[in-house]
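Structure file entry_23.cif; described as mmCIF, C-alpha atoms and all ligand atoms; chains and numbers go by the auth columns.
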data_upload
loop_
_atom_site.group_PDB
_atom_site.id
_atom_site.type_symbol
_atom_site.label_atom_id
_atom_site.label_comp_id
_atom_site.label_asym_id
_atom_site.label_seq_id
_atom_site.Cartn_x
_atom_site.Cartn_y
_atom_site.Cartn_z
_atom_site.B_iso_or_equiv
_atom_site.auth_seq_id
_atom_site.auth_asym_id
ATOM 1 C CA MET A 1 -32.010 -219.584 -80.190 0.00 22 A
ATOM 2 C CA PHE A 2 -32.385 -223.171 -78.994 0.00 23 A
ATOM 3 C CA GLU A 3 -35.259 -225.149 -80.428 0.00 24 A
ATOM 4 C CA GLN A 4 -36.407 -225.710 -76.895 0.00 25 A
ATOM 5 C CA VAL A 5 -35.857 -223.887 -73.644 0.00 26 A
ATOM 6 C CA GLN A 6 -33.001 -225.318 -71.611 0.00 27 A
ATOM 7 C CA ILE A 7 -32.486 -225.321 -67.868 0.00 28 A
ATOM 8 C CA ALA A 8 -29.019 -224.690 -66.492 0.00 29 A
ATOM 9 C CA PRO A 9 -29.117 -225.725 -62.831 0.00 30 A
ATOM 10 C CA SER A 10 -26.760 -223.675 -60.692 0.00 31 A
ATOM 11 C CA ILE A 11 -24.675 -225.894 -58.455 0.00 32 A
ATOM 12 C CA LEU A 12 -24.317 -223.000 -56.022 0.00 33 A
ATOM 13 C CA SER A 13 -27.492 -224.375 -54.438 0.00 34 A
ATOM 14 C CA ALA A 14 -26.407 -228.035 -54.648 0.00 35 A
ATOM 15 C CA ASN A 15 -25.241 -230.261 -51.829 0.00 36 A
ATOM 16 C CA PHE A 16 -21.455 -230.095 -52.194 0.00 37 A
ATOM 17 C CA MET A 17 -21.040 -233.230 -50.114 0.00 38 A
ATOM 18 C CA SER A 18 -22.579 -235.233 -52.939 0.00 39 A
ATOM 19 C CA LEU A 19 -21.885 -233.042 -55.941 0.00 40 A
ATOM 20 C CA GLY A 20 -21.049 -235.929 -58.287 0.00 41 A
ATOM 21 C CA SER A 21 -24.318 -237.759 -57.790 0.00 42 A
ATOM 22 C CA GLU A 22 -26.315 -234.499 -57.849 0.00 43 A
ATOM 23 C CA VAL A 23 -24.814 -233.633 -61.218 0.00 44 A
ATOM 24 C CA GLU A 24 -25.666 -237.075 -62.593 0.00 45 A
ATOM 25 C CA ARG A 25 -29.194 -236.707 -61.300 0.00 46 A
ATOM 26 C CA LEU A 26 -29.603 -233.295 -62.974 0.00 47 A
ATOM 27 C CA GLU A 27 -28.278 -234.661 -66.242 0.00 48 A
ATOM 28 C CA ARG A 28 -30.752 -237.541 -66.140 0.00 49 A
ATOM 29 C CA ALA A 29 -33.528 -235.115 -65.242 0.00 50 A
ATOM 30 C CA GLY A 30 -33.079 -233.292 -68.561 0.00 51 A
ATOM 31 C CA ALA A 31 -30.934 -230.269 -67.719 0.00 52 A
ATOM 32 C CA GLY A 32 -29.224 -228.735 -70.744 0.00 53 A
ATOM 33 C CA MET A 33 -26.021 -227.537 -69.121 0.00 54 A
ATOM 34 C CA LEU A 34 -24.516 -227.052 -65.703 0.00 55 A
ATOM 35 C CA HIS A 35 -24.192 -223.491 -64.400 0.00 56 A
ATOM 36 C CA VAL A 36 -21.058 -222.920 -62.324 0.00 57 A
ATOM 37 C CA ASP A 37 -21.028 -219.658 -60.365 0.00 58 A
ATOM 38 C CA VAL A 38 -17.521 -218.355 -59.768 0.00 59 A
ATOM 39 C CA MET A 39 -17.330 -215.500 -57.233 0.00 60 A
ATOM 40 C CA ASP A 40 -14.228 -213.718 -56.018 0.00 61 A
ATOM 41 C CA GLY A 41 -15.439 -211.749 -52.983 0.00 62 A
ATOM 42 C CA HIS A 42 -14.558 -208.548 -54.863 0.00 63 A
ATOM 43 C CA PHE A 43 -16.701 -208.196 -57.982 0.00 64 A
ATOM 44 C CA VAL A 44 -19.465 -209.620 -55.787 0.00 65 A
ATOM 45 C CA PRO A 45 -19.469 -209.791 -51.999 0.00 66 A
ATOM 46 C CA ASN A 46 -19.562 -213.583 -51.875 0.00 67 A
ATOM 47 C CA LEU A 47 -16.935 -216.281 -52.442 0.00 68 A
ATOM 48 C CA SER A 48 -17.890 -219.555 -54.079 0.00 69 A
ATOM 49 C CA MET A 49 -15.886 -221.965 -56.219 0.00 70 A
ATOM 50 C CA GLY A 50 -13.106 -221.775 -58.761 0.00 71 A
ATOM 51 C CA VAL A 51 -10.801 -223.618 -61.131 0.00 72 A
ATOM 52 C CA PRO A 52 -10.397 -226.876 -59.131 0.00 73 A
ATOM 53 C CA VAL A 53 -14.158 -227.463 -59.096 0.00 74 A
ATOM 54 C CA VAL A 54 -14.455 -226.814 -62.842 0.00 75 A
ATOM 55 C CA LYS A 55 -11.544 -229.186 -63.443 0.00 76 A
ATOM 56 C CA GLN A 56 -13.128 -231.957 -61.400 0.00 77 A
ATOM 57 C CA LEU A 57 -16.510 -231.476 -63.030 0.00 78 A
ATOM 58 C CA ALA A 58 -14.971 -231.585 -66.510 0.00 79 A
ATOM 59 C CA LYS A 59 -13.274 -234.862 -65.626 0.00 80 A
ATOM 60 C CA THR A 60 -16.376 -236.513 -64.273 0.00 81 A
ATOM 61 C CA THR A 61 -19.176 -235.309 -66.522 0.00 82 A
ATOM 62 C CA SER A 62 -19.728 -234.746 -70.224 0.00 83 A
ATOM 63 C CA PHE A 63 -22.396 -232.225 -69.349 0.00 84 A
ATOM 64 C CA PRO A 64 -21.654 -228.794 -70.930 0.00 85 A
ATOM 65 C CA LEU A 65 -20.133 -226.565 -68.245 0.00 86 A
ATOM 66 C CA ASP A 66 -21.505 -223.032 -68.323 0.00 87 A
ATOM 67 C CA VAL A 67 -19.073 -221.000 -66.218 0.00 88 A
ATOM 68 C CA HIS A 68 -20.372 -217.668 -64.940 0.00 89 A
ATOM 69 C CA LEU A 69 -17.394 -215.538 -63.939 0.00 90 A
ATOM 70 C CA MET A 70 -18.327 -212.967 -61.314 0.00 91 A
ATOM 71 C CA ILE A 71 -14.759 -211.817 -60.907 0.00 92 A
ATOM 72 C CA SER A 72 -12.990 -208.471 -61.144 0.00 93 A
ATOM 73 C CA ASN A 73 -10.049 -209.430 -63.261 0.00 94 A
ATOM 74 C CA PRO A 74 -11.444 -211.793 -65.888 0.00 95 A
ATOM 75 C CA LEU A 75 -8.633 -211.410 -68.415 0.00 96 A
ATOM 76 C CA TYR A 76 -6.116 -212.684 -65.890 0.00 97 A
ATOM 77 C CA GLN A 77 -8.059 -215.767 -64.824 0.00 98 A
ATOM 78 C CA LEU A 78 -9.963 -216.608 -68.005 0.00 99 A
ATOM 79 C CA PRO A 79 -7.187 -218.857 -69.421 0.00 100 A
ATOM 80 C CA TRP A 80 -7.311 -221.005 -66.281 0.00 101 A
ATOM 81 C CA PHE A 81 -11.022 -221.670 -66.706 0.00 102 A
ATOM 82 C CA LEU A 82 -10.645 -222.319 -70.427 0.00 103 A
ATOM 83 C CA GLU A 83 -7.992 -224.881 -69.671 0.00 104 A
ATOM 84 C CA ALA A 84 -9.962 -226.376 -66.799 0.00 105 A
ATOM 85 C CA GLY A 85 -12.669 -227.522 -69.219 0.00 106 A
ATOM 86 C CA ALA A 86 -15.353 -224.830 -69.418 0.00 107 A
ATOM 87 C CA ASN A 87 -17.568 -225.211 -72.507 0.00 108 A
ATOM 88 C CA LEU A 88 -19.021 -221.729 -72.270 0.00 109 A
ATOM 89 C CA VAL A 89 -17.637 -218.781 -70.319 0.00 110 A
ATOM 90 C CA THR A 90 -19.606 -215.722 -69.309 0.00 111 A
ATOM 91 C CA VAL A 91 -17.782 -212.529 -68.431 0.00 112 A
ATOM 92 C CA HIS A 92 -19.433 -209.436 -66.980 0.00 113 A
ATOM 93 C CA ILE A 93 -19.242 -206.314 -69.115 0.00 114 A
ATOM 94 C CA GLU A 94 -18.831 -204.318 -65.881 0.00 115 A
ATOM 95 C CA ALA A 95 -15.569 -206.163 -65.189 0.00 116 A
ATOM 96 C CA LEU A 96 -14.006 -205.250 -68.538 0.00 117 A
ATOM 97 C CA GLN A 97 -12.427 -201.799 -68.848 0.00 118 A
ATOM 98 C CA ASN A 98 -12.860 -201.058 -72.540 0.00 119 A
ATOM 99 C CA GLU A 99 -13.647 -202.452 -75.984 0.00 120 A
ATOM 100 C CA GLU A 100 -10.151 -203.849 -76.354 0.00 121 A
ATOM 101 C CA GLU A 101 -10.587 -205.936 -73.214 0.00 122 A
ATOM 102 C CA VAL A 102 -13.921 -207.291 -74.466 0.00 123 A
ATOM 103 C CA ARG A 103 -12.309 -208.332 -77.736 0.00 124 A
ATOM 104 C CA LYS A 104 -9.375 -209.889 -75.896 0.00 125 A
ATOM 105 C CA ALA A 105 -11.710 -211.958 -73.724 0.00 126 A
ATOM 106 C CA TYR A 106 -13.642 -213.074 -76.806 0.00 127 A
ATOM 107 C CA GLU A 107 -10.432 -214.040 -78.609 0.00 128 A
ATOM 108 C CA MET A 108 -9.117 -216.034 -75.657 0.00 129 A
ATOM 109 C CA ALA A 109 -12.333 -218.056 -75.501 0.00 130 A
ATOM 110 C CA HIS A 110 -12.657 -218.349 -79.262 0.00 131 A
ATOM 111 C CA ASN A 111 -9.056 -219.531 -79.711 0.00 132 A
ATOM 112 C CA ALA A 112 -9.650 -222.182 -77.066 0.00 133 A
ATOM 113 C CA GLY A 113 -12.787 -223.373 -78.879 0.00 134 A
ATOM 114 C CA VAL A 114 -14.979 -222.283 -75.978 0.00 135 A
ATOM 115 C CA LYS A 115 -18.259 -220.410 -76.344 0.00 136 A
ATOM 116 C CA PHE A 116 -18.298 -216.808 -75.150 0.00 137 A
ATOM 117 C CA ALA A 117 -20.994 -214.755 -73.428 0.00 138 A
ATOM 118 C CA LEU A 118 -21.288 -211.312 -71.907 0.00 139 A
ATOM 119 C CA SER A 119 -23.490 -210.522 -68.947 0.00 140 A
ATOM 120 C CA VAL A 120 -25.153 -207.380 -67.667 0.00 141 A
ATOM 121 C CA LYS A 121 -26.048 -206.753 -64.028 0.00 142 A
ATOM 122 C CA PRO A 122 -29.574 -205.480 -63.292 0.00 143 A
ATOM 123 C CA LYS A 123 -28.561 -201.817 -63.346 0.00 144 A
ATOM 124 C CA THR A 124 -26.433 -202.063 -66.490 0.00 145 A
ATOM 125 C CA PRO A 125 -28.295 -201.199 -69.692 0.00 146 A
ATOM 126 C CA VAL A 126 -28.308 -203.780 -72.474 0.00 147 A
ATOM 127 C CA SER A 127 -26.955 -201.063 -74.800 0.00 148 A
ATOM 128 C CA GLU A 128 -23.538 -201.629 -73.140 0.00 149 A
ATOM 129 C CA ILE A 129 -23.157 -204.911 -74.982 0.00 150 A
ATOM 130 C CA ALA A 130 -24.991 -204.014 -78.200 0.00 151 A
ATOM 131 C CA SER A 131 -21.857 -203.277 -80.234 0.00 152 A
ATOM 132 C CA PHE A 132 -20.429 -206.725 -79.378 0.00 153 A
ATOM 133 C CA ILE A 133 -23.523 -208.742 -80.263 0.00 154 A
ATOM 134 C CA GLU A 134 -21.885 -210.352 -83.299 0.00 155 A
ATOM 135 C CA LEU A 135 -19.143 -211.843 -81.112 0.00 156 A
ATOM 136 C CA LEU A 136 -21.490 -213.500 -78.682 0.00 157 A
ATOM 137 C CA ASP A 137 -22.716 -217.072 -78.409 0.00 158 A
ATOM 138 C CA MET A 138 -24.901 -216.025 -75.513 0.00 159 A
ATOM 139 C CA VAL A 139 -26.076 -212.979 -73.575 0.00 160 A
ATOM 140 C CA LEU A 140 -26.738 -213.353 -69.855 0.00 161 A
ATOM 141 C CA ILE A 141 -29.293 -211.043 -68.313 0.00 162 A
ATOM 142 C CA MET A 142 -28.949 -210.953 -64.534 0.00 163 A
ATOM 143 C CA SER A 143 -32.367 -210.782 -62.924 0.00 164 A
ATOM 144 C CA VAL A 144 -30.927 -210.362 -59.404 0.00 165 A
ATOM 145 C CA GLU A 145 -27.848 -208.536 -58.155 0.00 166 A
ATOM 146 C CA PRO A 146 -25.160 -211.192 -58.592 0.00 167 A
ATOM 147 C CA GLY A 147 -23.665 -212.751 -55.474 0.00 168 A
ATOM 148 C CA PHE A 148 -26.249 -214.983 -53.836 0.00 169 A
ATOM 149 C CA SER A 149 -28.775 -217.624 -54.739 0.00 170 A
ATOM 150 C CA GLY A 150 -32.313 -217.564 -53.387 0.00 171 A
ATOM 151 C CA GLN A 151 -33.058 -213.901 -54.166 0.00 172 A
ATOM 152 C CA SER A 152 -36.264 -212.644 -55.770 0.00 173 A
ATOM 153 C CA TYR A 153 -36.493 -211.954 -59.483 0.00 174 A
ATOM 154 C CA ILE A 154 -36.260 -208.237 -60.280 0.00 175 A
ATOM 155 C CA GLU A 155 -39.401 -207.298 -62.142 0.00 176 A
ATOM 156 C CA GLY A 156 -38.864 -205.827 -65.562 0.00 177 A
ATOM 157 C CA SER A 157 -35.837 -208.026 -66.335 0.00 178 A
ATOM 158 C CA ASP A 158 -37.901 -209.577 -69.141 0.00 179 A
ATOM 159 C CA ALA A 159 -37.867 -206.195 -70.904 0.00 180 A
ATOM 160 C CA LYS A 160 -34.081 -206.512 -71.128 0.00 181 A
ATOM 161 C CA VAL A 161 -34.494 -209.974 -72.695 0.00 182 A
ATOM 162 C CA ALA A 162 -36.817 -208.480 -75.315 0.00 183 A
ATOM 163 C CA GLU A 163 -34.279 -205.735 -75.945 0.00 184 A
ATOM 164 C CA VAL A 164 -31.547 -208.308 -76.646 0.00 185 A
ATOM 165 C CA VAL A 165 -33.875 -210.056 -79.104 0.00 186 A
ATOM 166 C CA GLN A 166 -34.324 -206.746 -80.940 0.00 187 A
ATOM 167 C CA ILE A 167 -30.617 -205.930 -81.014 0.00 188 A
ATOM 168 C CA ALA A 168 -29.754 -209.425 -82.240 0.00 189 A
ATOM 169 C CA GLN A 169 -32.437 -209.373 -84.924 0.00 190 A
ATOM 170 C CA SER A 170 -31.251 -206.022 -86.261 0.00 191 A
ATOM 171 C CA ALA A 171 -27.709 -207.366 -86.420 0.00 192 A
ATOM 172 C CA GLY A 172 -28.868 -210.579 -88.106 0.00 193 A
ATOM 173 C CA VAL A 173 -27.468 -212.852 -85.384 0.00 194 A
ATOM 174 C CA SER A 174 -29.119 -215.140 -82.848 0.00 195 A
ATOM 175 C CA PRO A 175 -27.107 -215.606 -79.680 0.00 196 A
ATOM 176 C CA LEU A 176 -28.699 -217.608 -76.900 0.00 197 A
ATOM 177 C CA ILE A 177 -30.309 -215.514 -74.209 0.00 198 A
ATOM 178 C CA GLN A 178 -29.868 -216.707 -70.650 0.00 199 A
ATOM 179 C CA VAL A 179 -31.547 -215.323 -67.547 0.00 200 A
ATOM 180 C CA ASP A 180 -30.124 -215.812 -64.077 0.00 201 A
ATOM 181 C CA GLY A 181 -31.657 -215.036 -60.711 0.00 202 A
ATOM 182 C CA GLY A 182 -34.966 -215.859 -59.069 0.00 203 A
ATOM 183 C CA ILE A 183 -36.136 -218.079 -61.914 0.00 204 A
ATOM 184 C CA GLY A 184 -38.772 -220.651 -61.022 0.00 205 A
ATOM 185 C CA LEU A 185 -42.306 -221.700 -61.860 0.00 206 A
ATOM 186 C CA LYS A 186 -43.707 -218.168 -61.722 0.00 207 A
ATOM 187 C CA THR A 187 -40.925 -216.267 -63.468 0.00 208 A
ATOM 188 C CA ALA A 188 -39.787 -218.775 -66.117 0.00 209 A
ATOM 189 C CA PRO A 189 -42.873 -218.146 -68.299 0.00 210 A
ATOM 190 C CA ILE A 190 -42.347 -214.360 -68.108 0.00 211 A
ATOM 191 C CA VAL A 191 -38.766 -214.438 -69.388 0.00 212 A
ATOM 192 C CA CYS A 192 -39.457 -217.181 -71.937 0.00 213 A
ATOM 193 C CA ALA A 193 -42.342 -215.215 -73.404 0.00 214 A
ATOM 194 C CA ALA A 194 -39.823 -212.391 -73.892 0.00 215 A
ATOM 195 C CA GLY A 195 -37.368 -214.670 -75.714 0.00 216 A
ATOM 196 C CA ALA A 196 -35.136 -216.384 -73.136 0.00 217 A
ATOM 197 C CA ASP A 197 -33.550 -219.684 -74.229 0.00 218 A
ATOM 198 C CA VAL A 198 -31.633 -220.752 -71.136 0.00 219 A
ATOM 199 C CA LEU A 199 -32.881 -220.474 -67.573 0.00 220 A
ATOM 200 C CA VAL A 200 -30.449 -220.638 -64.696 0.00 221 A
ATOM 201 C CA CYS A 201 -32.163 -222.209 -61.715 0.00 222 A
ATOM 202 C CA GLY A 202 -30.472 -222.415 -58.331 0.00 223 A
ATOM 203 C CA ASN A 203 -32.894 -222.574 -55.498 0.00 224 A
ATOM 204 C CA ALA A 204 -35.890 -223.569 -57.615 0.00 225 A
ATOM 205 C CA VAL A 205 -34.178 -226.762 -58.847 0.00 226 A
ATOM 206 C CA CYS A 206 -31.132 -227.674 -56.755 0.00 227 A
ATOM 207 C CA GLY A 207 -32.825 -226.452 -53.577 0.00 228 A
ATOM 208 C CA ALA A 208 -36.069 -228.347 -54.293 0.00 229 A
ATOM 209 C CA PRO A 209 -36.943 -231.575 -52.459 0.00 230 A
ATOM 210 C CA ASP A 210 -37.188 -233.327 -55.828 0.00 231 A
ATOM 211 C CA PRO A 211 -34.868 -231.476 -58.252 0.00 232 A
ATOM 212 C CA ALA A 212 -35.785 -233.662 -61.257 0.00 233 A
ATOM 213 C CA ARG A 213 -39.462 -232.988 -60.809 0.00 234 A
ATOM 214 C CA ALA A 214 -38.892 -229.262 -60.240 0.00 235 A
ATOM 215 C CA LEU A 215 -36.777 -229.065 -63.394 0.00 236 A
ATOM 216 C CA GLN A 216 -39.423 -230.786 -65.515 0.00 237 A
ATOM 217 C CA ASP A 217 -42.205 -228.601 -64.096 0.00 238 A
ATOM 218 C CA ILE A 218 -40.295 -225.401 -64.862 0.00 239 A
ATOM 219 C CA LEU A 219 -39.392 -226.630 -68.340 0.00 240 A
ATOM 220 C CA SER A 220 -42.978 -227.386 -69.120 0.00 241 A
ATOM 221 C CA VAL A 221 -44.356 -223.943 -68.122 0.00 242 A
ATOM 222 C CA ALA A 222 -41.413 -222.248 -69.841 0.00 243 A
ATOM 223 C CA GLU A 223 -41.985 -224.120 -73.110 0.00 244 A
ATOM 224 C CA SER A 224 -45.704 -223.349 -73.123 0.00 245 A
ATOM 225 C CA ALA A 225 -45.025 -219.649 -72.604 0.00 246 A
ATOM 226 C CA ARG A 226 -42.456 -219.632 -75.393 0.00 247 A
ATOM 227 C CA LYS A 227 -44.761 -221.444 -77.830 0.00 248 A
ATOM 228 C CA GLU A 228 -47.604 -219.089 -77.041 0.00 249 A
ATOM 229 C CA ALA A 229 -45.384 -216.054 -77.581 0.00 250 A
ATOM 230 C CA LEU A 230 -44.154 -217.382 -80.931 0.00 251 A
ATOM 231 C CA GLN A 231 -47.655 -217.982 -82.279 0.00 252 A
HETATM 232 C C1 LIG B . -26.266 -215.347 -58.436 0.00 301 A
HETATM 233 C C2 LIG B . -25.846 -216.458 -59.339 0.00 301 A
HETATM 234 C C3 LIG B . -26.944 -217.354 -59.697 0.00 301 A
HETATM 235 C C4 LIG B . -27.596 -218.069 -58.556 0.00 301 A
HETATM 236 C C5 LIG B . -29.025 -218.235 -58.952 0.00 301 A
HETATM 237 O O1 LIG B . -25.291 -214.394 -58.407 0.00 301 A
HETATM 238 O O2 LIG B . -25.284 -215.956 -60.530 0.00 301 A
HETATM 239 O O3 LIG B . -26.576 -218.271 -60.721 0.00 301 A
HETATM 240 O O4 LIG B . -27.031 -219.313 -58.252 0.00 301 A
HETATM 241 O O5 LIG B . -29.741 -218.715 -57.877 0.00 301 A
HETATM 242 P P1 LIG B . -31.334 -218.620 -57.813 0.00 301 A
HETATM 243 O O6 LIG B . -31.872 -219.338 -58.987 0.00 301 A
HETATM 244 O O7 LIG B . -31.650 -219.269 -56.501 0.00 301 A
HETATM 245 O O8 LIG B . -31.681 -217.150 -57.835 0.00 301 A
HETATM 246 ZN ZN ZN B . -24.979 -217.400 -62.202 0.00 302 A
#

Can you give me the file's structure in the form of structure tokens?
Ligand code: DX5
Ligand code: ZN
Amino acid sequence: MFEQVQIAPSILSANFMSLGSEVERLERAGAGMLHVDVMDGHFVPNLSMGVPVVKQLAKTTSFPLDVHLMISNPLYQLPWFLEAGANLVTVHIEALQNEEEVRKAYEMAHNAGVKFALSVKPKTPVSEIASFIELLDMVLIMSVEPGFSGQSYIEGSDAKVAEVVQIAQSAGVSPLIQVDGGIGLKTAPIVCAAGADVLVCGNAVCGAPDPARALQDILSVAESARKEALQ
């Protein structure tokens, strides 16, 4: 658990023509990390960005790079992203075939000194990752079907956040809990009240006319909801 909620703006909604200055602006605005959505057109229907973008970002910013791998064959490509400069890699449990593959992915990240997270799609129960909770630096709960930004938050996703909190508490660990999809002013308080630490915001921040302002507004409602829930 972070002391404070963090926003991870997703550059999927950023203006790629001025990515460098957008990233600087988000850093100055108080974002905690940069969310990089990698899509292969197979695990999800869309294609987005890959290793070259991560490499360039790592060269130009000291911002932690949170790389969300929506790809079918993560064990094959994971080493490329680790080498490219990811600080945290998230792999989907649905893309790993068995327990051995999960452990292999964890070891690859761990040996490279990179933080490791598992993600569940909206229809995947949290119980799928429960037995790996001790390996995880973060759990990512998808609150939309992965593939596109600008979708609406799937109601009830906060219950999955609360479930992760329970599983982690019983295991005596405290991985970060990230939520991704349809997070903005209305939904940030809901997931933060349930225990979310990191909010991925695409459209609500990078797509806003004033991203810095949008980020601060979301942070403020998220923090209040978290404080209230902890009281
Ligand atoms: C969707 C991606 C998200 C996306 C979020 O598959 O994983 O990170 O960029 O975008 P918003 O916040 O607009 O739902
Ligand atoms: Zn994402």

Q: Using all atoms listed in the file, determine which residues lie at most 7 Å from Val110 in chain A, disregarding the query and same-chain residues fewer than 5 positions distant; provide the list as number ranges by chain.
A: A: 87-89, 136-138

I need the residues from that last selection saved to file as a JSON list (two decimals), in the frame of the given file (with C-alpha atoms), if you can.
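The result, written out as again-v1.json:
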[["chain", "number", "residue", "atom", "x", "y", "z"],
["A", 87, "ASP", "CA", -21.50, -223.03, -68.32],
["A", 88, "VAL", "CA", -19.07, -221.00, -66.22],
["A", 89, "HIS", "CA", -20.37, -217.67, -64.94],
["A", 136, "LYS", "CA", -18.26, -220.41, -76.34],
["A", 137, "PHE", "CA", -18.30, -216.81, -75.15],
["A", 138, "ALA", "CA", -20.99, -214.76, -73.43]]

(Q) Could you list, as JSON, numbers by chain, every residue within 9 Å of range 62-67 of chain A, counting only C-alpha atoms and ignoring same-chain residues fewer than 4 positions away? (A) {"A": [91, 92, 93, 94, 116, 166, 167, 168, 169]}

Q: List the neighbours of Met54 in chain A out to 6 Å using only C-alpha atoms; skip same-chain residues closer than 4 positions along the sequence, and give me the result as a ChimeraX atom specification.
A: /A:29,84-85

**Q.** Top pick for closest residue to ligand ZN 302 (chain A), considering A:Val221, A:Leu86, A:Val74, A:Ala126 and counting only C-alpha atoms and all ligand atoms
**A.**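 When distances to ligand ZN 302 (chain A) are compared using only C-alpha atoms and all ligand atoms, the smallest one comes from A:Val221.
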
Q: Given the file shown, enumerate the residues that the PyMOL selection byres (((not hetatm)) within 10 of (chain A and resi 302)) captures and present them as a PyMOL selection string.
A: chain A and resi 29-33+56-60+87-91+111+140+161-165+167-170+199-202+221-223

Q. Expanded to explicit residues, what is the PyMOL selection byres (((chain A and resi 194-197) around 10) and not hetatm) for this file, as a ChimeraX atom specification?
A. /A:22-23,137-138,154-161,185-186,188-193,198-199,216-219

Q.
Between CA of Lys207 in chain A and CA of Ala233 in chain A, what distance in Å does the model show, to one decimal?
A.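 Separation of CA of Lys207 in chain A and CA of Ala233 in chain A: 17.4 Å.
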
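When CA of Val147 in chain A is paired with atom O7 of ligand LIG 301 (chain A), their separation reads 22.5 Å.
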
Since fewer atoms than expected are present, regenerate N, CA and C atoms for range 76-91 of chain A and write them as a compact mmCIF listing (two decimals), keeping the file's coordinate frame.
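The new file part31.txt reads:
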# COMPACT_ATOMS: atom_id res chain seq x y z
N LYS A 76 -12.40 -228.10 -62.96
CA LYS A 76 -11.54 -229.19 -63.44
C LYS A 76 -12.12 -230.55 -63.08
N GLN A 77 -12.56 -230.68 -61.85
CA GLN A 77 -13.13 -231.96 -61.40
C GLN A 77 -14.41 -232.28 -62.15
N LEU A 78 -15.24 -231.26 -62.32
CA LEU A 78 -16.51 -231.48 -63.03
C LEU A 78 -16.24 -231.91 -64.47
N ALA A 79 -15.28 -231.26 -65.11
CA ALA A 79 -14.97 -231.58 -66.51
C ALA A 79 -14.47 -233.02 -66.63
N LYS A 80 -13.79 -233.49 -65.59
CA LYS A 80 -13.27 -234.86 -65.63
C LYS A 80 -14.38 -235.89 -65.43
N THR A 81 -15.39 -235.51 -64.65
CA THR A 81 -16.38 -236.51 -64.27
C THR A 81 -17.68 -236.46 -65.05
N THR A 82 -17.91 -235.37 -65.80
CA THR A 82 -19.18 -235.31 -66.52
C THR A 82 -18.96 -234.79 -67.95
N SER A 83 -19.82 -235.25 -68.85
CA SER A 83 -19.73 -234.75 -70.22
C SER A 83 -20.76 -233.63 -70.44
N PHE A 84 -21.44 -233.31 -69.38
CA PHE A 84 -22.40 -232.22 -69.35
C PHE A 84 -21.72 -230.90 -69.73
N PRO A 85 -22.29 -230.09 -70.64
CA PRO A 85 -21.65 -228.79 -70.93
C PRO A 85 -21.54 -227.93 -69.66
N LEU A 86 -20.36 -227.40 -69.43
CA LEU A 86 -20.13 -226.56 -68.24
C LEU A 86 -20.22 -225.09 -68.62
N ASP A 87 -21.21 -224.44 -68.06
CA ASP A 87 -21.50 -223.03 -68.32
C ASP A 87 -20.95 -222.24 -67.13
N VAL A 88 -19.79 -221.61 -67.35
CA VAL A 88 -19.07 -221.00 -66.22
C VAL A 88 -19.32 -219.49 -66.18
N HIS A 89 -19.98 -219.07 -65.12
CA HIS A 89 -20.37 -217.67 -64.94
C HIS A 89 -19.33 -216.99 -64.05
N LEU A 90 -18.50 -216.15 -64.67
CA LEU A 90 -17.39 -215.54 -63.94
C LEU A 90 -17.81 -214.21 -63.32
N MET A 91 -18.03 -214.22 -62.03
CA MET A 91 -18.33 -212.97 -61.31
C MET A 91 -17.04 -212.56 -60.61
